[in-house]
Each structure stands twice: as structure tokens, then as C-alpha cells.
Amino acid sequence: MKKILLVGELNEIARSMNECLAEEYQVQLCSPQLESMQGMIKIIKPDLVLVCQIGLDEMDGTLFDWLRQNCPKLPVLIITSSSWWNQCKVYCESEQFDKMFRPIVNRELLQRCQTILNGKRGKSLHSASGDRKKILIVDDSPLVLRNIKGLLEDRYDIELAVSGEQALKRIPAKQPDLVLLDYEMPGMSGKETFEAMLEDEYAREIPVIFLTSVAKRKRIYDVLKSSPAGYILKPPVKETLLSTIEKVLRGETDSVIS
């Protein structure tokens, strides 16, 4: 049985990943301190190191630097989020490192580990169909939903919601990588939906791009006060929409809020 070293804080996310992977692999939990990881690697000789950044107050590149310098043939999978991505993206340029963004489905995590442990790393790994990002589009207009879906569906897996209330119900089940959220909606507005997401342990990690048809300066300032990952004016231009989504998924949020 192949062995996975799971490095991170012992929280509900780590426990869930441990339970999922333990069905097929020998999993050893390890605290996110360099000395602890060094000792566990020496003792158990893992086939894969899984580093979960979620729940950590801070994590510099010391762990990754050591793994790159001392264990260059040991694959590393980083579980990260848009807020942590800038700290680890330089390492993911190497075939030794791969990443998954929270929230993740346990089934997808298991598939990714299987892919890595079967030796299919690098370009073939990132081009796998399971690596397509999932986007939830939330808008009260069926026409807008249909039009934006048509712009994105050849590149992303698309889910739709016609209200903020429906979106909040679908997020736990669908676990999108990004939410395109209409700012002006009847009932629960986009701002209220976003605030509700921030109160949820899992939904708060999902980047949100506001869709707004109001181009007045004051309203744009109101949108930005909510601190979304970005905003796009409706109707969106395909090139702008795709570029903004890609930047947000890479964690480059500063460049898409303007």
C-alpha cells in the first residue's frame, strides 16, 4: 500500500481528507513544522506529500524549499485557496509540485492522488478532464445566465442559480471554484449573498466576481467596498470575462479590481 504524508493543521478539512484517502492509502498526519516533516519523511518514506495550507495562520516557503532541494523526486500536492496561492505558485511551475484549490470534492482529491502516484505528473496531469474548474453563475435573468454560460462552457464546467438563496443551497453540493454573482438582484442581493458566503467556513474560500450593469462611479465604489475578487460590467465582453476569471483563479486579484 502506498503512503501519503498529510502535512497541515489537524482540523475538519484535514480529518475529511484523511478519511477519504485512508480507504486506499496509508496516511500519516504531520504538523506543518519543518522538523516534524523531515522526521516523518525519514521514518515512513512516503510516496506523496500532501500539504494543506487551509487553516494555517501563516506558512512561508521553507517546507517547499526543503522538499525541492532534498526530495526532488518526491511528488508534492498542495491544497490551497485563492488567498494563499501567491505564496506557493512559484513552486507549482515545477513538475514536482501540483495544486488543488479549495473547496475540493473528496472524490476529486482521491483521483488526483491516484494520478500522481501512477506517475502521470506534469503536463498530462494538468490537462486531465478532472482539472476543469467549476463556475457557478448567479443571476435573476435567464437570458444573462444563458449568454454567460455560452461564453464559458467550452472551458469550464458551469452551474447556474437564479437567486442568492438558490446559490447558497447549491454551493455546498456543487462546490464551485469561482462564483460569478449579479450585484443587483431582487430578494437577496449579490452583496447580501456574498456576505452570507463569508460567514460560511467553506464558502468563504471561494473567490467571487461581481457582475454589475451599473457603470456609475459611486455604485462601483459600493461594489468594491465588499472586497470581491473582481467585478465585470454587463454585458460582459468574452475576452475580458475569460481574462478576469483566469487571473482570479490564479490568485491575481489586485489586477482585476479597477
# chains A, B, ... in the order shown; residues from 1 in each chain; ligands from 1

call {"tool": "residues_around", "arguments": {"residues": "Leu151 (chain A)", "least_positions_apart": "6", "cutoff": "9 Å", "atoms": "only C-alpha atoms", "output": "number ranges by chain"}}
result
A: 238, 241-242

call {"tool": "residues_around", "arguments": {"residues": "Lys133 (chain A)", "least_positions_apart": "4", "cutoff": "7 Å", "atoms": "only C-alpha atoms", "output": "PyMOL selection string"}}
result
chain A and resi 156-157+177

call {"tool": "select_by_dssp", "arguments": {"residues": "region 14-233 of chain A", "states": "strand (DSSP E or B)", "output": "VMD selection string"}}
result
chain A and resid 26 to 30 48 to 52 76 to 80 97 to 101 134 to 138 157 to 161 178 to 182 208 to 212 230 to 233

call {"tool": "atom_distance", "arguments": {"atom1": "CA of Asn106 (chain A)", "atom2": "CA of Leu29 (chain A)"}}
result
16.9 Å

call {"tool": "residues_around", "arguments": {"residues": "Gln166 (chain A)", "least_positions_apart": "3", "cutoff": "12 Å", "atoms": "only C-alpha atoms", "output": "VMD selection string"}}
result
chain A and resid 136 to 140 159 to 163 169 to 174 181 187 to 190 193

call {"tool": "closest_residue", "arguments": {"among": "A:Pro236, A:Pro186, A:Gly251, A:Pro72", "to": "Pro207 (chain A)", "atoms": "only C-alpha atoms"}}
result
A:Gly251

call {"tool": "closest_residue", "arguments": {"among": "A:Ile54, A:Ala229, A:Leu48, A:Val90", "to": "Val27 (chain A)", "atoms": "only C-alpha atoms"}}
result
A:Leu48

call {"tool": "residues_around", "arguments": {"residues": "Ile79 (chain A)", "least_positions_apart": "5", "cutoff": "12 Å", "atoms": "only C-alpha atoms", "output": "VMD selection string"}}
result
chain A and resid 6 to 8 13 to 14 17 49 to 56 84 to 85 88 to 89 92 97 to 106 109 112 to 113

call {"tool": "write_last_selection", "arguments": {"atoms": "N, CA, C and O atoms", "output": "compact mmCIF listing (two decimals), in the first residue's frame"}}
result
# COMPACT_ATOMS: atom_id res chain seq x y z
N LEU A 6 0.37 13.59 5.11
CA LEU A 6 -0.54 14.73 5.09
C LEU A 6 -0.04 15.78 6.08
O LEU A 6 -0.11 15.58 7.29
N VAL A 7 0.45 16.89 5.55
CA VAL A 7 1.05 17.95 6.36
C VAL A 7 0.06 19.09 6.51
O VAL A 7 -0.42 19.64 5.51
N GLY A 8 -0.26 19.47 7.74
CA GLY A 8 -1.19 20.58 7.97
C GLY A 8 -1.74 20.55 9.37
O GLY A 8 -1.42 19.67 10.18
N ILE A 13 -11.04 19.86 7.88
CA ILE A 13 -10.65 19.64 6.49
C ILE A 13 -9.63 18.51 6.40
O ILE A 13 -9.74 17.60 5.57
N ALA A 14 -8.61 18.56 7.28
CA ALA A 14 -7.59 17.51 7.28
C ALA A 14 -8.20 16.16 7.65
O ALA A 14 -7.84 15.13 7.06
N MET A 17 -10.04 14.78 4.61
CA MET A 17 -9.11 14.27 3.60
C MET A 17 -8.51 12.94 4.06
O MET A 17 -8.34 12.01 3.27
N VAL A 49 3.65 13.64 -0.72
CA VAL A 49 3.45 14.59 0.38
C VAL A 49 2.28 15.49 0.00
O VAL A 49 2.27 16.13 -1.06
N LEU A 50 1.27 15.53 0.87
CA LEU A 50 0.09 16.35 0.67
C LEU A 50 0.13 17.48 1.70
O LEU A 50 0.08 17.23 2.90
N VAL A 51 0.27 18.72 1.23
CA VAL A 51 0.38 19.86 2.12
C VAL A 51 -0.92 20.66 2.06
O VAL A 51 -1.30 21.17 1.00
N CYS A 52 -1.61 20.77 3.19
CA CYS A 52 -2.87 21.51 3.26
C CYS A 52 -2.60 22.87 3.92
O CYS A 52 -2.29 22.95 5.10
N GLN A 53 -2.73 23.95 3.13
CA GLN A 53 -2.50 25.29 3.67
C GLN A 53 -3.71 25.85 4.40
O GLN A 53 -3.59 26.84 5.12
N ILE A 54 -4.87 25.24 4.21
CA ILE A 54 -6.09 25.78 4.77
C ILE A 54 -6.07 25.66 6.29
O ILE A 54 -5.79 24.61 6.85
N GLY A 55 -6.38 26.77 6.95
CA GLY A 55 -6.43 26.77 8.41
C GLY A 55 -5.15 27.21 9.08
O GLY A 55 -5.10 27.37 10.30
N LEU A 56 -4.09 27.43 8.28
CA LEU A 56 -2.83 27.87 8.87
C LEU A 56 -2.81 29.39 8.97
O LEU A 56 -3.25 30.08 8.06
N TRP A 84 -4.08 32.10 -0.58
CA TRP A 84 -2.75 31.53 -0.31
C TRP A 84 -1.94 31.31 -1.58
O TRP A 84 -0.74 31.05 -1.52
N TRP A 85 -2.58 31.39 -2.74
CA TRP A 85 -1.96 30.96 -3.98
C TRP A 85 -0.65 31.68 -4.28
O TRP A 85 0.32 31.08 -4.75
N CYS A 88 2.58 30.07 -3.02
CA CYS A 88 3.07 28.76 -3.46
C CYS A 88 3.11 28.59 -4.98
O CYS A 88 3.60 27.57 -5.47
N LYS A 89 2.62 29.58 -5.75
CA LYS A 89 2.51 29.37 -7.19
C LYS A 89 3.86 29.20 -7.87
O LYS A 89 3.97 28.50 -8.87
N CYS A 92 4.75 25.59 -8.07
CA CYS A 92 3.93 24.77 -8.97
C CYS A 92 4.37 24.89 -10.42
O CYS A 92 3.79 24.26 -11.31
N PHE A 97 5.66 19.63 -8.11
CA PHE A 97 4.55 20.19 -7.33
C PHE A 97 3.28 20.29 -8.17
O PHE A 97 3.32 20.62 -9.35
N ASP A 98 2.18 19.99 -7.52
CA ASP A 98 0.87 20.20 -8.14
C ASP A 98 -0.02 20.85 -7.09
O ASP A 98 0.33 20.92 -5.90
N LYS A 99 -1.18 21.37 -7.53
CA LYS A 99 -2.05 22.07 -6.59
C LYS A 99 -3.50 21.76 -6.87
O LYS A 99 -3.88 21.38 -7.98
N MET A 100 -4.32 21.92 -5.82
CA MET A 100 -5.77 21.89 -5.93
C MET A 100 -6.31 23.03 -5.08
O MET A 100 -5.80 23.29 -3.98
N PHE A 101 -7.32 23.73 -5.60
CA PHE A 101 -7.90 24.85 -4.87
C PHE A 101 -9.12 24.39 -4.07
O PHE A 101 -9.92 23.59 -4.53
N ARG A 102 -9.22 24.90 -2.84
CA ARG A 102 -10.40 24.69 -2.04
C ARG A 102 -11.54 25.51 -2.61
O ARG A 102 -11.32 26.58 -3.16
N PRO A 103 -12.80 25.05 -2.50
CA PRO A 103 -13.17 23.76 -1.90
C PRO A 103 -12.98 22.62 -2.90
O PRO A 103 -13.09 22.82 -4.11
N ILE A 104 -12.70 21.44 -2.39
CA ILE A 104 -12.50 20.28 -3.25
C ILE A 104 -13.46 19.17 -2.85
O ILE A 104 -13.90 19.10 -1.70
N VAL A 105 -13.79 18.35 -3.82
CA VAL A 105 -14.62 17.18 -3.56
C VAL A 105 -13.68 16.02 -3.25
O VAL A 105 -12.65 15.84 -3.91
N ASN A 106 -14.01 15.24 -2.23
CA ASN A 106 -13.13 14.14 -1.83
C ASN A 106 -12.83 13.19 -2.98
O ASN A 106 -11.71 12.69 -3.12
N LEU A 109 -10.11 14.65 -5.02
CA LEU A 109 -8.83 14.54 -4.34
C LEU A 109 -8.26 13.14 -4.50
O LEU A 109 -7.06 12.96 -4.79
N ARG A 112 -6.98 12.69 -8.00
CA ARG A 112 -5.72 13.40 -8.24
C ARG A 112 -4.54 12.65 -7.63
O ARG A 112 -3.48 12.53 -8.25
N CYS A 113 -4.71 12.16 -6.42
CA CYS A 113 -3.64 11.39 -5.78
C CYS A 113 -3.33 10.12 -6.58
O CYS A 113 -2.17 9.75 -6.74

call {"tool": "closest_residue", "arguments": {"among": "A:Ile209, A:Asn70, A:Leu63, A:Thr240", "to": "Met37 (chain A)", "atoms": "only C-alpha atoms"}}
result
A:Leu63

call {"tool": "closest_residue", "arguments": {"among": "A:Pro235, A:Pro176, A:Gly61, A:Pro75", "to": "Leu34 (chain A)", "atoms": "only C-alpha atoms"}}
result
A:Gly61

call {"tool": "select_by_dssp", "arguments": {"residues": "region 29-246 of chain A", "states": "helix (DSSP H, G or I)", "output": "MDAnalysis selection string"}}
result
chainID A and resid 34:44 62:70 85:88 91:93 106:117 123:126 129:131 142:152 164:174 190:198 203:205 217:225 238:246

call {"tool": "residues_around", "arguments": {"residues": "Val208 (chain A)", "least_positions_apart": "4", "cutoff": "8 Å", "atoms": "only C-alpha atoms", "output": "number ranges by chain"}}
result
A: 178-181, 194, 228-230

call {"tool": "closest_residue", "arguments": {"among": "A:Arg15, A:Lys3, A:Lys73, A:Arg155", "to": "Met40 (chain A)", "atoms": "only C-alpha atoms"}}
result
A:Lys3

call {"tool": "atom_distance", "arguments": {"atom1": "CA of Ser36 (chain A)", "atom2": "CA of Leu77 (chain A)"}}
result
17.8 Å

call {"tool": "closest_residue", "arguments": {"among": "A:Gln96, A:Thr62, A:Gln38, A:Gln175", "to": "Ile135 (chain A)", "atoms": "only C-alpha atoms"}}
result
A:Gln175

call {"tool": "atom_distance", "arguments": {"atom1": "CA of Lys134 (chain A)", "atom2": "CA of Lys191 (chain A)"}}
result
21.4 Å
